[in-house]
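Structure file upload-v2.pdb; described as PDB, C-alpha atoms.
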```pdb
ATOM      1  CA  MET A 227     -24.284 125.660  27.844
ATOM      2  CA  HIS A 228     -23.686 122.875  30.346
ATOM      3  CA  GLU A 229     -22.018 122.984  33.731
ATOM      4  CA  SER A 230     -20.302 119.742  34.785
ATOM      5  CA  VAL A 231     -18.830 118.701  38.109
ATOM      6  CA  ALA A 232     -16.043 116.075  38.290
ATOM      7  CA  GLU A 233     -15.961 114.439  41.703
ATOM      8  CA  SER A 234     -13.097 112.686  43.512
ATOM      9  CA  SER A 235     -13.750 109.548  45.569
ATOM     10  CA  HIS A 236     -13.886 111.461  48.842
ATOM     11  CA  ILE A 237     -14.806 115.007  49.862
ATOM     12  CA  SER A 238     -11.608 116.748  50.884
ATOM     13  CA  LYS A 239     -11.585 117.834  54.492
ATOM     14  CA  ILE A 240     -11.405 121.614  54.792
ATOM     15  CA  HIS A 241     -11.188 123.801  57.885
ATOM     16  CA  HIS A 242     -14.502 125.259  59.057
ATOM     17  CA  ALA A 243     -13.251 128.807  58.553
ATOM     18  CA  ASN A 244     -12.228 128.243  54.921
ATOM     19  CA  THR A 245     -14.201 127.624  51.733
ATOM     20  CA  LYS A 246     -13.033 127.300  48.123
ATOM     21  CA  GLU A 247     -14.818 128.476  44.991
ATOM     22  CA  GLN A 248     -14.038 127.191  41.510
ATOM     23  CA  ASN A 249     -16.269 127.320  38.417
ATOM     24  CA  GLY A 250     -19.305 128.246  40.491
ATOM     25  CA  VAL A 251     -18.800 125.349  42.953
ATOM     26  CA  HIS A 252     -18.293 126.112  46.654
ATOM     27  CA  ASP A 253     -16.610 123.288  48.595
ATOM     28  CA  SER A 254     -17.201 123.050  52.331
ATOM     29  CA  GLN A 255     -16.522 120.389  54.909
ATOM     30  CA  HIS A 256     -20.078 119.057  54.671
ATOM     31  CA  GLU A 257     -21.324 119.583  51.106
ATOM     32  CA  LYS A 258     -20.604 121.029  47.669
ATOM     33  CA  ILE A 259     -22.754 124.042  46.815
ATOM     34  CA  LEU A 260     -23.521 124.665  43.127
ATOM     35  CA  SER A 261     -24.943 127.949  41.861
ATOM     36  CA  VAL A 262     -27.326 126.870  39.117
ATOM     37  CA  THR A 263     -27.644 129.332  36.229
ATOM     38  CA  GLY A 264     -28.458 126.865  33.452
ATOM     39  CA  ASP A 265     -28.202 123.199  32.536
ATOM     40  CA  GLY A 266     -25.584 120.959  34.124
ATOM     41  CA  ILE A 267     -24.601 117.471  35.229
ATOM     42  CA  ILE A 268     -24.019 115.733  38.567
ATOM     43  CA  GLN A 269     -22.528 112.267  38.403
ATOM     44  CA  SER A 270     -20.945 109.586  40.544
ATOM     45  CA  PRO A 271     -17.125 109.503  40.537
ATOM     46  CA  ASP A 272     -15.669 107.753  37.439
ATOM     47  CA  PHE A 273     -19.100 107.513  35.734
ATOM     48  CA  PRO A 274     -19.849 105.437  33.639
ATOM     49  CA  ASN A 275     -17.266 103.148  35.235
ATOM     50  CA  THR A 276     -17.300 101.582  38.699
ATOM     51  CA  TYR A 277     -17.538 104.177  41.459
ATOM     52  CA  PRO A 278     -15.125 104.031  44.444
ATOM     53  CA  ARG A 279     -15.840 102.423  47.817
ATOM     54  CA  ASN A 280     -16.430 104.265  51.126
ATOM     55  CA  THR A 281     -17.600 107.472  49.513
ATOM     56  CA  VAL A 282     -20.045 110.124  50.706
ATOM     57  CA  ILE A 283     -20.734 113.176  48.534
ATOM     58  CA  VAL A 284     -23.462 115.800  49.042
ATOM     59  CA  TRP A 285     -24.362 118.414  46.446
ATOM     60  CA  ARG A 286     -26.589 121.413  47.249
ATOM     61  CA  LEU A 287     -27.977 122.937  44.053
ATOM     62  CA  VAL A 288     -29.069 126.564  44.480
ATOM     63  CA  ALA A 289     -30.974 128.429  41.741
ATOM     64  CA  VAL A 290     -29.971 132.044  41.235
ATOM     65  CA  THR A 291     -33.496 133.413  41.763
ATOM     66  CA  GLU A 292     -36.071 132.581  44.452
ATOM     67  CA  SER A 293     -38.768 131.976  41.845
ATOM     68  CA  SER A 294     -36.739 129.338  39.959
ATOM     69  CA  ARG A 295     -37.212 125.622  40.413
ATOM     70  CA  ILE A 296     -34.662 122.895  39.688
ATOM     71  CA  GLN A 297     -35.557 119.803  37.663
ATOM     72  CA  LEU A 298     -33.483 116.617  37.906
ATOM     73  CA  THR A 299     -33.495 113.991  35.160
ATOM     74  CA  PHE A 300     -31.603 110.711  35.566
ATOM     75  CA  ASP A 301     -29.512 109.314  32.722
ATOM     76  CA  PRO A 302     -30.845 105.907  31.515
ATOM     77  CA  ARG A 303     -27.433 104.450  32.375
ATOM     78  CA  PHE A 304     -28.068 103.763  36.078
ATOM     79  CA  GLY A 305     -26.610 101.074  38.316
ATOM     80  CA  LEU A 306     -25.692 100.907  42.012
ATOM     81  CA  GLU A 307     -25.397  98.029  44.465
ATOM     82  CA  ASP A 308     -28.691  96.127  44.722
ATOM     83  CA  ALA A 309     -31.191  96.692  47.509
ATOM     84  CA  GLU A 310     -31.596  94.273  50.413
ATOM     85  CA  ASP A 311     -35.188  93.293  51.257
ATOM     86  CA  GLY A 312     -36.373  96.136  49.034
ATOM     87  CA  ILE A 313     -34.386  98.773  50.985
ATOM     88  CA  CYS A 314     -31.357 100.705  49.698
ATOM     89  CA  LYS A 315     -29.089 100.219  52.725
ATOM     90  CA  TYR A 316     -25.552 100.286  51.348
ATOM     91  CA  ASP A 317     -24.899 102.173  48.092
ATOM     92  CA  TYR A 318     -27.519 104.712  47.034
ATOM     93  CA  VAL A 319     -28.298 108.139  45.600
ATOM     94  CA  GLU A 320     -30.861 110.241  47.454
ATOM     95  CA  VAL A 321     -32.728 113.471  46.655
ATOM     96  CA  GLU A 322     -33.896 115.685  49.517
ATOM     97  CA  GLU A 323     -35.734 118.978  50.006
ATOM     98  CA  PRO A 324     -33.455 121.174  52.186
ATOM     99  CA  VAL A 325     -36.436 122.873  53.834
ATOM    100  CA  GLY A 326     -37.968 120.379  56.246
ATOM    101  CA  GLY A 327     -35.555 117.599  55.290
ATOM    102  CA  VAL A 328     -38.169 115.737  53.213
ATOM    103  CA  VAL A 329     -36.559 112.888  51.258
ATOM    104  CA  LEU A 330     -38.110 112.764  47.776
ATOM    105  CA  GLY A 331     -36.547 109.396  47.012
ATOM    106  CA  ARG A 332     -33.648 106.995  47.558
ATOM    107  CA  TRP A 333     -32.564 104.673  44.758
ATOM    108  CA  CYS A 334     -30.141 101.809  44.116
ATOM    109  CA  GLY A 335     -29.868  98.681  41.991
ATOM    110  CA  SER A 336     -30.192  98.689  38.209
ATOM    111  CA  GLU A 337     -33.678  97.381  37.434
ATOM    112  CA  MET A 338     -35.339 100.790  37.159
ATOM    113  CA  VAL A 339     -34.187 104.323  36.362
ATOM    114  CA  PRO A 340     -35.536 106.938  38.836
ATOM    115  CA  GLY A 341     -38.118 109.343  37.452
ATOM    116  CA  PRO A 342     -37.735 113.140  37.147
ATOM    117  CA  GLN A 343     -37.679 115.201  40.353
ATOM    118  CA  VAL A 344     -38.586 118.897  40.757
ATOM    119  CA  SER A 345     -37.668 121.052  43.743
ATOM    120  CA  LYS A 346     -40.387 122.852  45.699
ATOM    121  CA  GLY A 347     -38.106 125.838  46.309
ATOM    122  CA  ASN A 348     -34.952 127.144  44.677
ATOM    123  CA  GLN A 349     -32.695 124.524  46.334
ATOM    124  CA  ILE A 350     -32.350 120.752  46.289
ATOM    125  CA  LEU A 351     -29.899 118.253  47.823
ATOM    126  CA  ILE A 352     -28.358 115.200  46.145
ATOM    127  CA  ARG A 353     -26.553 112.692  48.354
ATOM    128  CA  PHE A 354     -24.420 109.761  47.147
ATOM    129  CA  ALA A 355     -23.081 107.093  49.502
ATOM    130  CA  SER A 356     -21.190 103.830  49.011
ATOM    131  CA  ASP A 357     -19.857 101.347  51.553
ATOM    132  CA  GLU A 358     -16.740  99.179  51.422
ATOM    133  CA  TYR A 359     -18.347  96.266  49.575
ATOM    134  CA  PHE A 360     -19.589  95.537  46.031
ATOM    135  CA  PRO A 361     -19.159  98.817  44.117
ATOM    136  CA  SER A 362     -21.053  98.705  40.852
ATOM    137  CA  ASP A 363     -21.128 100.374  37.463
ATOM    138  CA  PRO A 364     -22.032 102.603  35.734
ATOM    139  CA  GLY A 365     -23.122 104.574  38.824
ATOM    140  CA  PHE A 366     -25.426 107.492  38.017
ATOM    141  CA  CYS A 367     -25.580 110.716  36.059
ATOM    142  CA  ILE A 368     -28.161 113.438  36.790
ATOM    143  CA  HIS A 369     -28.954 116.261  34.368
ATOM    144  CA  TYR A 370     -30.270 119.384  36.087
ATOM    145  CA  SER A 371     -32.042 122.386  34.563
ATOM    146  CA  LEU A 372     -33.912 125.508  35.637
ATOM    147  CA  LEU A 373     -37.680 125.887  35.530
ATOM    148  CA  GLN A 374     -38.871 129.479  35.722
ATOM    149  CA  GLN A 375     -42.020 130.127  37.737
ATOM    150  CA  ARG A 376     -44.384 132.944  36.836
ATOM    151  CA  GLN A 377     -44.691 135.359  39.727
ATOM    152  CA  SER A 378     -48.345 136.118  38.940
ATOM    153  CA  GLU A 379     -49.434 132.489  39.257
ATOM    154  CA  PRO A 380     -49.674 130.723  42.621
ATOM    155  CA  GLU A 381     -47.459 127.673  42.942
ATOM    156  CA  ALA A 382     -49.207 124.363  42.688
ATOM    157  CA  PRO A 383     -48.191 122.156  45.600
ATOM    158  CA  ALA A 384     -45.917 119.319  44.517
ATOM    159  CA  VAL A 385     -47.615 116.005  45.162
ATOM    160  CA  MET A 386     -45.420 112.984  45.840
ATOM    161  CA  PRO A 387     -46.551 109.930  43.848
ATOM    162  CA  ALA A 388     -48.409 107.435  46.008
ATOM    163  CA  TRP A 389     -45.886 104.654  45.358
ATOM    164  CA  MET A 390     -43.084 106.825  46.824
ATOM    165  CA  GLN A 391     -44.902 107.477  50.099
ATOM    166  CA  SER A 392     -44.118 105.474  53.227
ATOM    167  CA  VAL A 393     -46.563 102.818  54.409
ATOM    168  CA  ASP A 394     -47.707 104.964  57.357
ATOM    169  CA  VAL A 395     -48.225 108.127  55.255
ATOM    170  CA  LEU A 396     -50.044 106.224  52.505
ATOM    171  CA  SER A 397     -52.187 104.349  55.021
ATOM    172  CA  GLU A 398     -53.352 107.622  56.579
ATOM    173  CA  ALA A 399     -54.148 109.118  53.158
ATOM    174  CA  VAL A 400     -56.077 106.071  51.945
ATOM    175  CA  ALA A 401     -58.097 105.863  55.166
ATOM    176  CA  GLY A 402     -59.600 109.299  54.417
ATOM    177  CA  PHE A 403     -61.419 108.175  51.250
ATOM    178  CA  SER A 404     -65.020 106.978  51.329
ATOM    179  CA  THR A 405     -65.210 105.000  48.066
ATOM    180  CA  MET A 406     -63.036 102.517  46.180
ATOM    181  CA  GLU A 407     -63.038 104.857  43.176
ATOM    182  CA  GLU A 408     -61.504 107.664  45.236
ATOM    183  CA  VAL A 409     -58.769 105.330  46.483
ATOM    184  CA  MET A 410     -57.864 104.130  42.992
ATOM    185  CA  LYS A 411     -57.867 107.669  41.563
ATOM    186  CA  TYR A 412     -55.460 108.743  44.285
ATOM    187  CA  LEU A 413     -53.126 105.799  43.651
ATOM    188  CA  GLU A 414     -53.117 105.949  39.838
ATOM    189  CA  PRO A 415     -54.766 109.140  38.474
ATOM    190  CA  GLU A 416     -54.010 108.216  34.856
ATOM    191  CA  ARG A 417     -55.064 104.544  34.850
ATOM    192  CA  TRP A 418     -57.327 104.019  37.834
ATOM    193  CA  GLN A 419     -60.190 102.657  35.700
ATOM    194  CA  VAL A 420     -57.917  99.982  34.212
ATOM    195  CA  ASP A 421     -56.786  99.022  37.719
ATOM    196  CA  MET A 422     -60.422  98.749  38.813
ATOM    197  CA  GLU A 423     -61.142  96.339  35.961
ATOM    198  CA  ASP A 424     -58.036  94.278  36.799
ATOM    199  CA  LEU A 425     -59.113  93.971  40.418
ATOM    200  CA  TYR A 426     -62.449  92.442  39.498
ATOM    201  CA  LYS A 427     -61.207  89.997  36.882
ATOM    202  CA  PRO A 428     -62.159  86.455  37.931
ATOM    203  CA  THR A 429     -59.334  84.524  39.578
ATOM    204  CA  TRP A 430     -59.080  81.059  41.131
ATOM    205  CA  GLN A 431     -58.332  80.988  44.818
ATOM    206  CA  VAL A 432     -59.065  78.817  47.833
ATOM    207  CA  VAL A 433     -61.123  80.570  50.476
ATOM    208  CA  GLY A 434     -61.121  79.116  53.969
ATOM    209  CA  LYS A 435     -64.297  78.137  55.758
ATOM    210  CA  SER A 436     -65.606  79.593  58.957
ATOM    211  CA  PHE A 437     -65.072  77.445  62.003
ATOM    212  CA  PHE A 438     -66.624  77.476  65.424
ATOM    213  CA  HIS A 439     -64.950  76.878  68.730
ATOM    214  CA  GLN A 440     -67.149  75.861  71.615
ATOM    215  CA  LYS A 441     -66.000  76.659  75.144
ATOM    216  CA  LYS A 442     -68.073  75.516  78.073
ATOM    217  CA  SER A 443     -68.228  77.826  81.085
ATOM    218  CA  ARG A 444     -68.744  76.792  84.686
ATOM    219  CA  GLY A 445     -70.561  78.525  87.517
ATOM    220  CA  VAL A 446     -71.865  81.526  85.583
ATOM    221  CA  VAL A 447     -75.229  83.250  85.398
ATOM    222  CA  ASP A 448     -77.605  82.208  82.613
ATOM    223  CA  LEU A 449     -78.017  85.525  80.755
ATOM    224  CA  ASN A 450     -81.325  84.431  79.195
ATOM    225  CA  LEU A 451     -82.998  84.673  82.634
ATOM    226  CA  LEU A 452     -81.929  88.230  83.267
ATOM    227  CA  ARG A 453     -84.303  91.060  82.718
ATOM    228  CA  GLU A 454     -84.130  92.743  79.318
ATOM    229  CA  GLU A 455     -82.514  95.874  80.737
ATOM    230  CA  VAL A 456     -79.807  93.845  82.441
ATOM    231  CA  ARG A 457     -79.186  91.829  79.290
ATOM    232  CA  LEU A 458     -78.586  94.957  77.248
ATOM    233  CA  TYR A 459     -75.897  96.192  79.605
ATOM    234  CA  SER A 460     -74.369  92.863  80.590
ATOM    235  CA  CYS A 461     -71.838  90.648  78.859
ATOM    236  CA  THR A 462     -72.975  90.415  75.223
ATOM    237  CA  PRO A 463     -71.516  90.474  71.685
ATOM    238  CA  ARG A 464     -71.218  94.079  70.544
ATOM    239  CA  ASN A 465     -69.974  95.973  67.512
ATOM    240  CA  PHE A 466     -66.321  96.957  67.696
ATOM    241  CA  SER A 467     -64.273  98.613  64.985
ATOM    242  CA  VAL A 468     -60.810  97.109  64.510
ATOM    243  CA  SER A 469     -57.819  98.351  62.521
ATOM    244  CA  LEU A 470     -56.882  95.677  59.988
ATOM    245  CA  ARG A 471     -53.173  96.499  60.129
ATOM    246  CA  GLU A 472     -53.172  96.080  63.910
ATOM    247  CA  GLU A 473     -55.557  93.116  64.007
ATOM    248  CA  LEU A 474     -53.613  91.184  61.340
ATOM    249  CA  LYS A 475     -50.204  92.486  62.467
ATOM    250  CA  ARG A 476     -49.453  93.519  58.881
ATOM    251  CA  THR A 477     -47.382  96.700  59.105
ATOM    252  CA  ASP A 478     -46.059  96.102  55.565
ATOM    253  CA  ALA A 479     -49.496  96.443  53.945
ATOM    254  CA  ILE A 480     -52.289  98.997  53.623
ATOM    255  CA  PHE A 481     -55.945  97.980  53.656
ATOM    256  CA  TRP A 482     -59.077  99.729  52.426
ATOM    257  CA  PRO A 483     -61.349  99.988  54.262
ATOM    258  CA  SER A 484     -58.714 100.395  56.968
ATOM    259  CA  CYS A 485     -61.185  99.374  59.709
ATOM    260  CA  LEU A 486     -64.032  96.840  59.855
ATOM    261  CA  LEU A 487     -66.812  96.096  62.322
ATOM    262  CA  VAL A 488     -66.597  92.840  64.257
ATOM    263  CA  LYS A 489     -68.614  91.317  67.074
ATOM    264  CA  ARG A 490     -66.638  91.186  70.300
ATOM    265  CA  CYS A 491     -67.691  90.487  73.885
ATOM    266  CA  GLY A 492     -68.217  93.577  75.963
ATOM    267  CA  GLY A 493     -70.033  94.937  78.991
ATOM    268  CA  ASN A 494     -69.799  94.244  82.724
ATOM    269  CA  CYS A 495     -70.077  91.139  84.853
ATOM    270  CA  ALA A 496     -71.784  92.439  87.970
ATOM    271  CA  CYS A 497     -73.909  89.267  88.212
ATOM    272  CA  CYS A 498     -70.972  86.912  88.394
ATOM    273  CA  SER A 499     -70.450  84.466  91.293
ATOM    274  CA  HIS A 500     -70.020  86.109  94.694
ATOM    275  CA  ASN A 501     -66.986  83.887  95.306
ATOM    276  CA  CYS A 502     -65.177  85.292  92.268
ATOM    277  CA  TYR A 503     -63.048  88.397  92.636
ATOM    278  CA  ASP A 504     -62.012  88.647  88.974
ATOM    279  CA  CYS A 505     -64.915  88.023  86.629
ATOM    280  CA  GLN A 506     -64.352  88.619  82.923
ATOM    281  CA  CYS A 507     -66.647  88.865  79.913
ATOM    282  CA  SER A 508     -65.329  86.077  77.674
ATOM    283  CA  PRO A 509     -66.438  84.494  74.371
ATOM    284  CA  THR A 510     -68.050  81.057  74.507
ATOM    285  CA  LYS A 511     -68.777  80.794  70.786
ATOM    286  CA  VAL A 512     -66.273  82.127  68.243
ATOM    287  CA  ALA A 513     -66.463  82.300  64.462
ATOM    288  CA  LYS A 514     -63.775  83.146  61.903
ATOM    289  CA  LYS A 515     -65.422  85.189  59.173
ATOM    290  CA  TYR A 516     -63.877  86.248  55.883
ATOM    291  CA  HIS A 517     -64.056  89.800  54.523
ATOM    292  CA  GLU A 518     -62.956  90.923  51.061
ATOM    293  CA  VAL A 519     -60.857  94.117  51.150
ATOM    294  CA  LEU A 520     -58.392  96.016  48.969
ATOM    295  CA  MET A 521     -54.742  95.401  49.938
ATOM    296  CA  LEU A 522     -51.863  97.646  48.827
ATOM    297  CA  LYS A 523     -48.172  96.778  49.068
ATOM    298  CA  HIS A 524     -44.994  98.411  47.794
ATOM    299  CA  ARG A 525     -43.370  96.281  45.106
ATOM    300  CA  ALA A 526     -40.099  94.780  46.361
ATOM    301  CA  GLY A 527     -37.163  96.670  44.880
ATOM    302  CA  GLY A 528     -39.328  98.278  42.236
ATOM    303  CA  ARG A 529     -41.601 101.148  41.449
ATOM    304  CA  GLY A 530     -45.309 101.202  42.049
ATOM    305  CA  LEU A 531     -47.884  99.599  44.290
ATOM    306  CA  GLN A 532     -49.305  96.081  44.102
ATOM    307  CA  LYS A 533     -53.109  96.196  44.327
ATOM    308  CA  THR A 534     -55.152  93.062  45.062
ATOM    309  CA  LEU A 535     -58.563  92.129  46.390
ATOM    310  CA  THR A 536     -57.924  89.690  49.200
ATOM    311  CA  ASP A 537     -59.872  87.828  51.869
ATOM    312  CA  VAL A 538     -58.957  88.527  55.489
ATOM    313  CA  HIS A 539     -60.380  86.475  58.331
ATOM    314  CA  LEU A 540     -61.420  88.161  61.547
ATOM    315  CA  GLU A 541     -62.605  86.697  64.807
ATOM    316  CA  HIS A 542     -66.248  87.324  65.707
ATOM    317  CA  HIS A 543     -67.729  86.536  69.128
ATOM    318  CA  GLU A 544     -71.233  85.105  68.765
ATOM    319  CA  GLU A 545     -71.925  84.182  72.391
ATOM    320  CA  CYS A 546     -70.440  85.550  75.610
ATOM    321  CA  SER A 547     -70.519  84.688  79.293
ATOM    322  CA  CYS A 548     -69.117  86.065  82.505
ATOM    323  CA  VAL A 549     -66.320  83.695  83.453
ATOM    324  CA  CYS A 550     -64.402  83.665  86.726
ATOM    325  CA  LYS A 551     -60.723  83.983  85.995
ATOM    326  CA  ASN A 552     -59.936  81.148  88.407
ATOM    327  CA  ASP A 553     -62.304  78.859  86.466
ATOM    328  CA  SER A 554     -60.621  79.585  83.128
ATOM    329  CA  ASP A 555     -57.068  79.025  84.405
TER     330      ASP A 555
END
```
Spit out the file's structure as C-alpha cells when you get a sec.
Amino acid sequence: MHESVAESSHISKIHHANTKEQNGVHDSQHEKILSVTGDGIIQSPDFPNTYPRNTVIVWRLVAVTESSRIQLTFDPRFGLEDAEDGICKYDYVEVEEPVGGVVLGRWCGSEMVPGPQVSKGNQILIRFASDEYFPSDPGFCIHYSLLQQRQSEPEAPAVMPAWMQSVDVLSEAVAGFSTMEEVMKYLEPERWQVDMEDLYKPTWQVVGKSFFHQKKSRGVVDLNLLREEVRLYSCTPRNFSVSLREELKRTDAIFWPSCLLVKRCGGNCACCSHNCYDCQCSPTKVAKKYHEVLMLKHRAGGRGLQKTLTDVHLEHHEECSCVCKNDSD
C-alpha cells in the first residue's frame, strides 16, 4: 500500500498554536510531518510537469518505531534548473539528517539521477526550493520505504561516499592515509584497482623545466668562512614541509601526499652587518622543481571524483644569505 502526498505551490501559513492532520500528514508553519508506516511518495508540485516558481517545501519523514530506517529512492524522471559553476544555487532538492543537521546531498539539473539515501535514525528531512526564474520539468519524485533494523545487531555507521564529501572533509580524510592504495580504496572501494591502472597509463604531456634565478647580495658575510657550528645554525637551506593546497592556492583540489618537503632558507642572521637593523635570511639561488602527485577534484555538475597524476612545481632554495633589508629594497 502506498501513501502519496500532493503538494500545492506554497506551504500555507498556519498560526503557531494550530496544526492540521490529514491522512497521516501534519502541516505546520515550517514543515510537513509524515508518519511513515509503509511505502509512499514525495514529489514536486505538478510532477511530472513544470513545478511552480518561488516555492519552498520541507517534509519531515518519521518512522513509527525507533529501530526503523527510511530509504529514499529517486524516480528516473528527474529534472530541475541547472547548476551554476557546479553548485545548485537556485532550484534544488536536498536531503538532510535532522540530528546534527548533516546534509546528505543537494541535487539539481537533469544530467544525473541522485542515488538512494538511507537515514541514520528514524527521521529524515527533504527540502525543495525554487526561485522566480527558469522552472523546469519534470521536477522530482521520491519513493520512500521502511527498513527494519534488528535490535540484536549493532548498527553499522553510514559512510557518505567520498564524492559527496566537501573538499575540506575529503582532504582531511585523504591526508590520513600512508599509501596510494589506501587512498584509492577509500575513494572507490569497488574499482580502486582499475583506477590505479588508469592513473599509470602512459599519456603525452609537456613538463616544464627547472629554472634558476640568481640574485647577487651586497655587504653580507661569506658563510663558507664561518666555523662549522655557526654554519649549521646560520642562514642555510633547510627542510620545510608545505601544504600543497596552501602553497599552490588550490582550494578546489585535494592532493596526495597533502604535504611535501622543500628546501627553504631558515636560521638566524646574527653575523649580518653592524649597520643593518633588519637583516633577513633570503634565497640567492632558487630552483623550480617538479613533483608528481595524485590530484582529486569534484566533477563539475556531476557525480564522482576526477583522479589524475599531475606535476606540481615548488620553489626550492639552494643557496641563502643574510641580506640587509635596506639593501634589497
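Proximity to Val468 (chain A) was assessed for A:Asp424, A:Leu540, A:Ala526, A:Asp311 counting all atoms listed in the file; the smallest distance is recorded for A:Leu540.
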How many Å separate CA of Arg471 (chain A) from CA of Lys523 (chain A)?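 According to the coordinates, CA of Arg471 (chain A) and CA of Lys523 (chain A) are separated by 12.1 Å.
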Among the residues A:Leu373, A:Leu351, A:Val549, A:Cys491, the one that comes closest to Ile283 (chain A) [using all atoms listed in the file]: A:Leu351
Evaluate the PyMOL selection byres ((chain A and resi 398-410) around 12) here and jot the selected residues down as a ChimeraX atom specification. /A:388,391-397,411-425,469-471,479-486,519-522,531-535
What is the distance, in Å and to one decimal place, between CA of Phe360 (chain A) and CA of Ser270 (chain A)? 15.1 Å
Do you have the CA of Arg295 (chain A)-CA of Trp389 (chain A) distance handy? 23.2 Å
